$ cat protein-v3.pdb   # PDB, C-alpha atoms, pLDDT in the B column
MODEL        1
ATOM      1  CA  MET W 958      20.929   9.241 -22.346  1.00 56.00           C
ATOM      2  CA  ASN W 959      18.483   8.283 -19.665  1.00 68.00           C
ATOM      3  CA  SER W 960      14.903   7.957 -20.750  1.00 70.00           C
ATOM      4  CA  PRO W 961      12.173   8.947 -18.294  1.00 72.00           C
ATOM      5  CA  PRO W 962      10.621   6.042 -16.387  1.00 75.00           C
ATOM      6  CA  PRO W 963       7.421   4.643 -17.874  1.00 79.00           C
ATOM      7  CA  LEU W 964       4.256   6.113 -16.401  1.00 79.00           C
ATOM      8  CA  ARG W 965       1.032   4.321 -15.608  1.00 83.00           C
ATOM      9  CA  GLN W 966      -1.583   4.489 -18.328  1.00 82.00           C
ATOM     10  CA  PRO W 967      -4.687   6.421 -17.272  1.00 81.00           C
ATOM     11  CA  CYS W 968      -7.872   4.566 -16.469  1.00 80.00           C
ATOM     12  CA  PRO W 969     -10.764   4.973 -18.916  1.00 79.00           C
ATOM     13  CA  PRO W 970     -12.763   8.154 -18.228  1.00 77.00           C
ATOM     14  CA  GLY W 971     -15.618   7.665 -15.795  1.00 77.00           C
ATOM     15  CA  VAL W 972     -14.334   4.307 -14.561  1.00 79.00           C
ATOM     16  CA  CYS W 973     -11.885   5.472 -11.918  1.00 80.00           C
ATOM     17  CA  ILE W 974     -11.461   8.387  -9.560  1.00 80.00           C
ATOM     18  CA  CYS W 975      -7.650   8.392  -9.655  1.00 82.00           C
ATOM     19  CA  ARG W 976      -7.382  11.946 -11.064  1.00 84.00           C
ATOM     20  CA  HIS W 977      -4.502  10.869 -13.309  1.00 82.00           C
ATOM     21  CA  ARG W 978      -4.975  13.748 -15.763  1.00 83.00           C
ATOM     22  CA  GLU W 979      -5.251  16.291 -12.940  1.00 84.00           C
ATOM     23  CA  LEU W 980      -1.936  15.085 -11.521  1.00 84.00           C
ATOM     24  CA  LEU W 981      -0.206  15.331 -14.893  1.00 84.00           C
ATOM     25  CA  ASP W 982      -1.512  18.867 -15.388  1.00 86.00           C
ATOM     26  CA  ASP W 983      -0.337  20.047 -11.946  1.00 85.00           C
ATOM     27  CA  PRO W 984       3.258  21.329 -12.252  1.00 86.00           C
ATOM     28  CA  HIS W 985       3.773  20.964  -8.481  1.00 87.00           C
ATOM     29  CA  GLY W 986       2.064  17.578  -8.094  1.00 83.00           C
ATOM     30  CA  ASP W 987       3.889  14.524  -6.751  1.00 85.00           C
ATOM     31  CA  ARG W 988       4.021  12.255  -9.793  1.00 87.00           C
ATOM     32  CA  ARG W 989       5.956   9.439  -8.159  1.00 88.00           C
ATOM     33  CA  VAL W 990       2.822   7.311  -7.889  1.00 91.00           C
ATOM     34  CA  LEU W 991       2.495   7.317 -11.683  1.00 88.00           C
ATOM     35  CA  ARG W 992       5.647   5.183 -11.833  1.00 89.00           C
ATOM     36  CA  LEU W 993       3.545   2.321 -10.485  1.00 90.00           C
ATOM     37  CA  THR W 994       2.743   0.717 -13.826  1.00 90.00           C
ATOM     38  CA  ARG W 995       0.450  -2.292 -13.961  1.00 91.00           C
ATOM     39  CA  HIS W 996       3.468  -4.587 -14.195  1.00 93.00           C
ATOM     40  CA  GLU W 997       5.121  -2.936 -11.188  1.00 93.00           C
ATOM     41  CA  GLU W 998       1.828  -3.070  -9.305  1.00 93.00           C
ATOM     42  CA  LYS W 999       1.697  -6.844  -9.789  1.00 96.00           C
ATOM     43  CA  ARG W1000       5.249  -7.127  -8.453  1.00 96.00           C
ATOM     44  CA  LEU W1001       4.370  -4.966  -5.444  1.00 96.00           C
ATOM     45  CA  LEU W1002       1.244  -6.998  -4.661  1.00 96.00           C
ATOM     46  CA  GLU W1003       3.199 -10.237  -4.933  1.00 97.00           C
ATOM     47  CA  ARG W1004       5.824  -8.842  -2.572  1.00 96.00           C
ATOM     48  CA  LEU W1005       3.149  -7.736  -0.094  1.00 96.00           C
ATOM     49  CA  GLU W1006       1.485 -11.166  -0.181  1.00 96.00           C
ATOM     50  CA  ASN W1007       4.802 -12.828   0.636  1.00 96.00           C
ATOM     51  CA  LEU W1008       5.708 -10.790   3.713  1.00 95.00           C
ATOM     52  CA  GLN W1009       8.003 -12.661   6.077  1.00 95.00           C
ATOM     53  CA  SER W1010       7.881 -10.452   9.181  1.00 95.00           C
ATOM     54  CA  LEU W1011       6.645  -7.211  10.675  1.00 93.00           C
ATOM     55  CA  ASP W1012      10.032  -5.667   9.878  1.00 95.00           C
ATOM     56  CA  ASP W1013       9.504  -6.653   6.253  1.00 96.00           C
ATOM     57  CA  LEU W1014       6.111  -4.918   6.254  1.00 95.00           C
ATOM     58  CA  GLU W1015       7.551  -1.767   7.823  1.00 95.00           C
ATOM     59  CA  HIS W1016      10.402  -1.777   5.300  1.00 96.00           C
ATOM     60  CA  LEU W1017       7.904  -1.997   2.430  1.00 95.00           C
ATOM     61  CA  GLN W1018       5.857   0.836   3.910  1.00 95.00           C
ATOM     62  CA  ARG W1019       8.958   3.055   3.952  1.00 96.00           C
ATOM     63  CA  ARG W1020       9.960   2.063   0.412  1.00 95.00           C
ATOM     64  CA  MET W1021       6.448   2.680  -0.921  1.00 95.00           C
ATOM     65  CA  TYR W1022       6.566   6.186   0.497  1.00 95.00           C
ATOM     66  CA  GLU W1023      10.125   6.896  -0.681  1.00 94.00           C
ATOM     67  CA  GLN W1024       9.650   5.601  -4.208  1.00 93.00           C
ATOM     68  CA  LEU W1025       5.960   6.194  -4.891  1.00 92.00           C
ATOM     69  CA  GLY W1026       4.759   8.666  -2.277  1.00 92.00           C
ATOM     70  CA  ILE W1027       2.152   6.166  -1.045  1.00 93.00           C
ATOM     71  CA  ARG W1028       1.395   6.548   2.659  1.00 94.00           C
ATOM     72  CA  LEU W1029       0.247   3.235   4.076  1.00 94.00           C
ATOM     73  CA  SER W1030      -0.737   2.671   7.687  1.00 92.00           C
ATOM     74  CA  VAL W1031      -1.273  -0.749   9.222  1.00 90.00           C
ATOM     75  CA  ALA W1032      -2.422  -0.859  12.829  1.00 84.00           C
ATOM     76  CA  PRO W1033      -4.985  -2.556  15.043  1.00 81.00           C
ATOM     77  CA  SER W1034      -8.361  -0.890  14.833  1.00 72.00           C
ATOM     78  CA  HIS W1035      -9.822   0.915  17.817  1.00 67.00           C
ATOM     79  CA  ASN W1036     -12.325  -1.880  18.368  1.00 64.00           C
ATOM     80  CA  GLU W1037     -11.561  -5.405  19.474  1.00 58.00           C
ATOM     81  CA  VAL W1038      -9.353  -7.423  17.110  1.00 58.00           C
ATOM     82  CA  ARG W1039     -10.791 -10.902  16.622  1.00 56.00           C
ATOM     83  CA  SER W1040      -9.591 -11.603  13.116  1.00 54.00           C
ATOM     84  CA  MET W1041      -7.430 -10.077  10.421  1.00 60.00           C
ATOM     85  CA  ARG W1042     -10.410  -7.838   9.591  1.00 66.00           C
ATOM     86  CA  GLY W1043      -9.788  -6.067  12.895  1.00 72.00           C
ATOM     87  CA  ILE W1044      -6.509  -4.702  11.602  1.00 84.00           C
ATOM     88  CA  ALA W1045      -6.945  -1.332   9.917  1.00 86.00           C
ATOM     89  CA  ILE W1046      -5.037  -0.986   6.643  1.00 90.00           C
ATOM     90  CA  GLN W1047      -5.407   2.465   5.138  1.00 91.00           C
ATOM     91  CA  LEU W1048      -3.917   4.327   2.219  1.00 92.00           C
ATOM     92  CA  ALA W1049      -3.785   8.105   2.424  1.00 91.00           C
ATOM     93  CA  GLU W1050      -5.809  10.009  -0.174  1.00 89.00           C
ATOM     94  CA  GLN W1051      -3.547  10.654  -3.126  1.00 87.00           C
ATOM     95  CA  PRO W1052      -4.157  11.759  -6.700  1.00 88.00           C
ATOM     96  CA  GLY W1053      -2.933   9.263  -9.269  1.00 87.00           C
ATOM     97  CA  LEU W1054      -3.588   6.168  -7.151  1.00 88.00           C
ATOM     98  CA  CYS W1055      -6.107   3.961  -8.956  1.00 88.00           C
ATOM     99  CA  ARG W1056      -9.154   2.717  -7.026  1.00 88.00           C
ATOM    100  CA  LYS W1057      -8.298  -0.888  -7.920  1.00 90.00           C
ATOM    101  CA  THR W1058      -4.840  -0.416  -6.440  1.00 92.00           C
ATOM    102  CA  ARG W1059      -6.432   1.133  -3.344  1.00 92.00           C
ATOM    103  CA  ARG W1060      -8.331  -2.131  -2.837  1.00 93.00           C
ATOM    104  CA  ALA W1061      -5.595  -4.516  -3.951  1.00 95.00           C
ATOM    105  CA  ILE W1062      -2.862  -3.348  -1.547  1.00 95.00           C
ATOM    106  CA  PRO W1063      -4.875  -3.899   1.670  1.00 94.00           C
ATOM    107  CA  ALA W1064      -6.187  -7.204   0.309  1.00 94.00           C
ATOM    108  CA  ALA W1065      -2.635  -8.419  -0.368  1.00 96.00           C
ATOM    109  CA  ILE W1066      -1.536  -7.437   3.136  1.00 95.00           C
ATOM    110  CA  ARG W1067      -4.542  -9.226   4.674  1.00 92.00           C
ATOM    111  CA  ARG W1068      -3.689 -12.386   2.725  1.00 94.00           C
ATOM    112  CA  ALA W1069      -0.119 -12.170   4.055  1.00 94.00           C
ATOM    113  CA  LEU W1070      -1.360 -11.716   7.625  1.00 92.00           C
ATOM    114  CA  GLU W1071      -3.729 -14.663   7.267  1.00 91.00           C
ATOM    115  CA  SER W1072      -0.992 -16.927   5.935  1.00 94.00           C
ATOM    116  CA  ARG W1073       1.511 -15.749   8.570  1.00 94.00           C
ATOM    117  CA  PRO W1074      -0.450 -14.888  11.731  1.00 91.00           C
ATOM    118  CA  GLU W1075       2.781 -14.314  13.671  1.00 92.00           C
ATOM    119  CA  ILE W1076       3.115 -11.006  11.785  1.00 91.00           C
ATOM    120  CA  ALA W1077      -0.289  -9.932  13.082  1.00 86.00           C
ATOM    121  CA  TYR W1078       0.668 -10.982  16.611  1.00 86.00           C
ATOM    122  CA  ARG W1079       3.864  -8.911  16.405  1.00 88.00           C
ATOM    123  CA  LEU W1080       1.818  -5.971  15.097  1.00 86.00           C
ATOM    124  CA  LEU W1081      -0.581  -6.279  18.040  1.00 81.00           C
ATOM    125  CA  ASP W1082       2.319  -6.577  20.464  1.00 81.00           C
ATOM    126  CA  ALA W1083       4.117  -3.593  18.915  1.00 80.00           C
ATOM    127  CA  ASN W1084       0.999  -1.499  19.513  1.00 75.00           C
ATOM    128  CA  ASP W1085       0.803  -2.743  23.121  1.00 69.00           C
ATOM    129  CA  LEU W1086      -2.579  -4.321  22.548  1.00 54.00           C
ATOM    130  CA  LEU W1087      -1.734  -7.454  24.546  1.00 52.00           C
ATOM    131  CA  ARG W1088      -0.515  -5.582  27.660  1.00 52.00           C
ATOM    132  CA  ASP W1089      -3.489  -6.700  29.794  1.00 53.00           C
ATOM    133  CA  ALA W1090      -3.385 -10.349  28.695  1.00 52.00           C
TER
ENDMDL
END

$ encode --input "protein-v3.pdb" --output "structure tokens"
Amino acid sequence: MNSPPPLRQPCPPGVCICRHRELLDDPHGDRRVLRLTRHEEKRLLERLENLQSLDDLEHLQRRMYEQLGIRLSVAPSHNEVRSMRGIAIQLAEQPGLCRKTRRAIPAAIRRALESRPEIAYRLLDANDLLRDA
């Protein structure tokens, strides 16, 4: 028999705004994000920190949505991009996604972009930001 996949343990009450309990109580809620256990989160963050290319980042974005329901967008911000801080990395609002995870995923992507700036350049080029250069 197949056992159900392990679910993430809820954060202590009052510490997080992840709405873990609310998601479990909703019969129509998307519970895929609860499969992101702390161990799996560490693996995901490690994978995000070790991105090799823009295609790799886009592949991970698709897989995060398919497997966990996490919508991640990475694009140049509307203002001038002078550093990696000028790249907007946003996670869509989603019940069950811990606030620490909400901070850790963009931080891991920023570290990857800082260690491999060619990914950021490809991202800028893909969004036609360098057309006037």

$ residues_around --input "protein-v3.pdb" --residues "region 977-984 of chain W" --least-positions-apart "4" --cutoff "12 Å" --atoms "all atoms listed in the file" --output "ChimeraX atom specification"
/W:964-973,988-992,1051-1056

$ resolve_selection --input "protein-v3.pdb" --expression "the PyMOL selection byres ((chain W and resi 995-1010) around 8)" --output "number ranges by chain"
W: 965, 993-994, 1011-1014, 1017, 1058, 1061-1062, 1065-1069, 1073, 1075-1076

$ resolve_selection --input "protein-v3.pdb" --expression "the PyMOL selection byres ((chain W and resi 1018) around 10)" --output "ChimeraX atom specification"
/W:1005,1012-1017,1019-1023,1027-1031

$ closest_residue --input "protein-v3.pdb" --among "W:Ala1064, W:Arg1059, W:Gly1043, W:Leu1048" --to "Leu1081 (chain W)" --atoms "only C-alpha atoms"
W:Gly1043

$ closest_residue --input "protein-v3.pdb" --among "W:Ile1044, W:Leu1070, W:Leu1025, W:Ile974" --to "Asn1084 (chain W)" --atoms "all atoms listed in the file"
W:Ile1044

$ residues_around --input "protein-v3.pdb" --residues "Ala1045 (chain W)" --least-positions-apart "6" --cutoff "6 Å" --atoms "all atoms listed in the file" --output "MDAnalysis selection string"
chainID W and resid 1031:1034

$ write_last_selection --input "protein-v3.pdb" --atoms "C-alpha atoms" --output "mmCIF file, keeping the file's coordinate frame"
data_model
loop_
_atom_site.group_PDB
_atom_site.id
_atom_site.type_symbol
_atom_site.label_atom_id
_atom_site.label_comp_id
_atom_site.auth_asym_id
_atom_site.auth_seq_id
_atom_site.Cartn_x
_atom_site.Cartn_y
_atom_site.Cartn_z
ATOM 1 C CA VAL W 1031 -1.273 -0.749 9.222
ATOM 2 C CA ALA W 1032 -2.422 -0.859 12.829
ATOM 3 C CA PRO W 1033 -4.985 -2.556 15.043
ATOM 4 C CA SER W 1034 -8.361 -0.890 14.833
#

$ atom_distance --input "protein-v3.pdb" --atom1 "CA of Gly1026 (chain W)" --atom2 "CA of Arg976 (chain W)"
15.3 Å

$ axis_aligned_box --input "protein-v3.pdb" --around "region 983-990 of chain W" --padding-each-side "4 Å" --output "lines of an AutoDock Vina configuration file"
center_x = 2.8
center_y = 14.3
center_z = -9.5
size_x = 14.3
size_y = 22.0
size_z = 13.5

$ atom_distance --input "protein-v3.pdb" --atom1 "CA of Ser960 (chain W)" --atom2 "CA of Glu1050 (chain W)"
29.3 Å
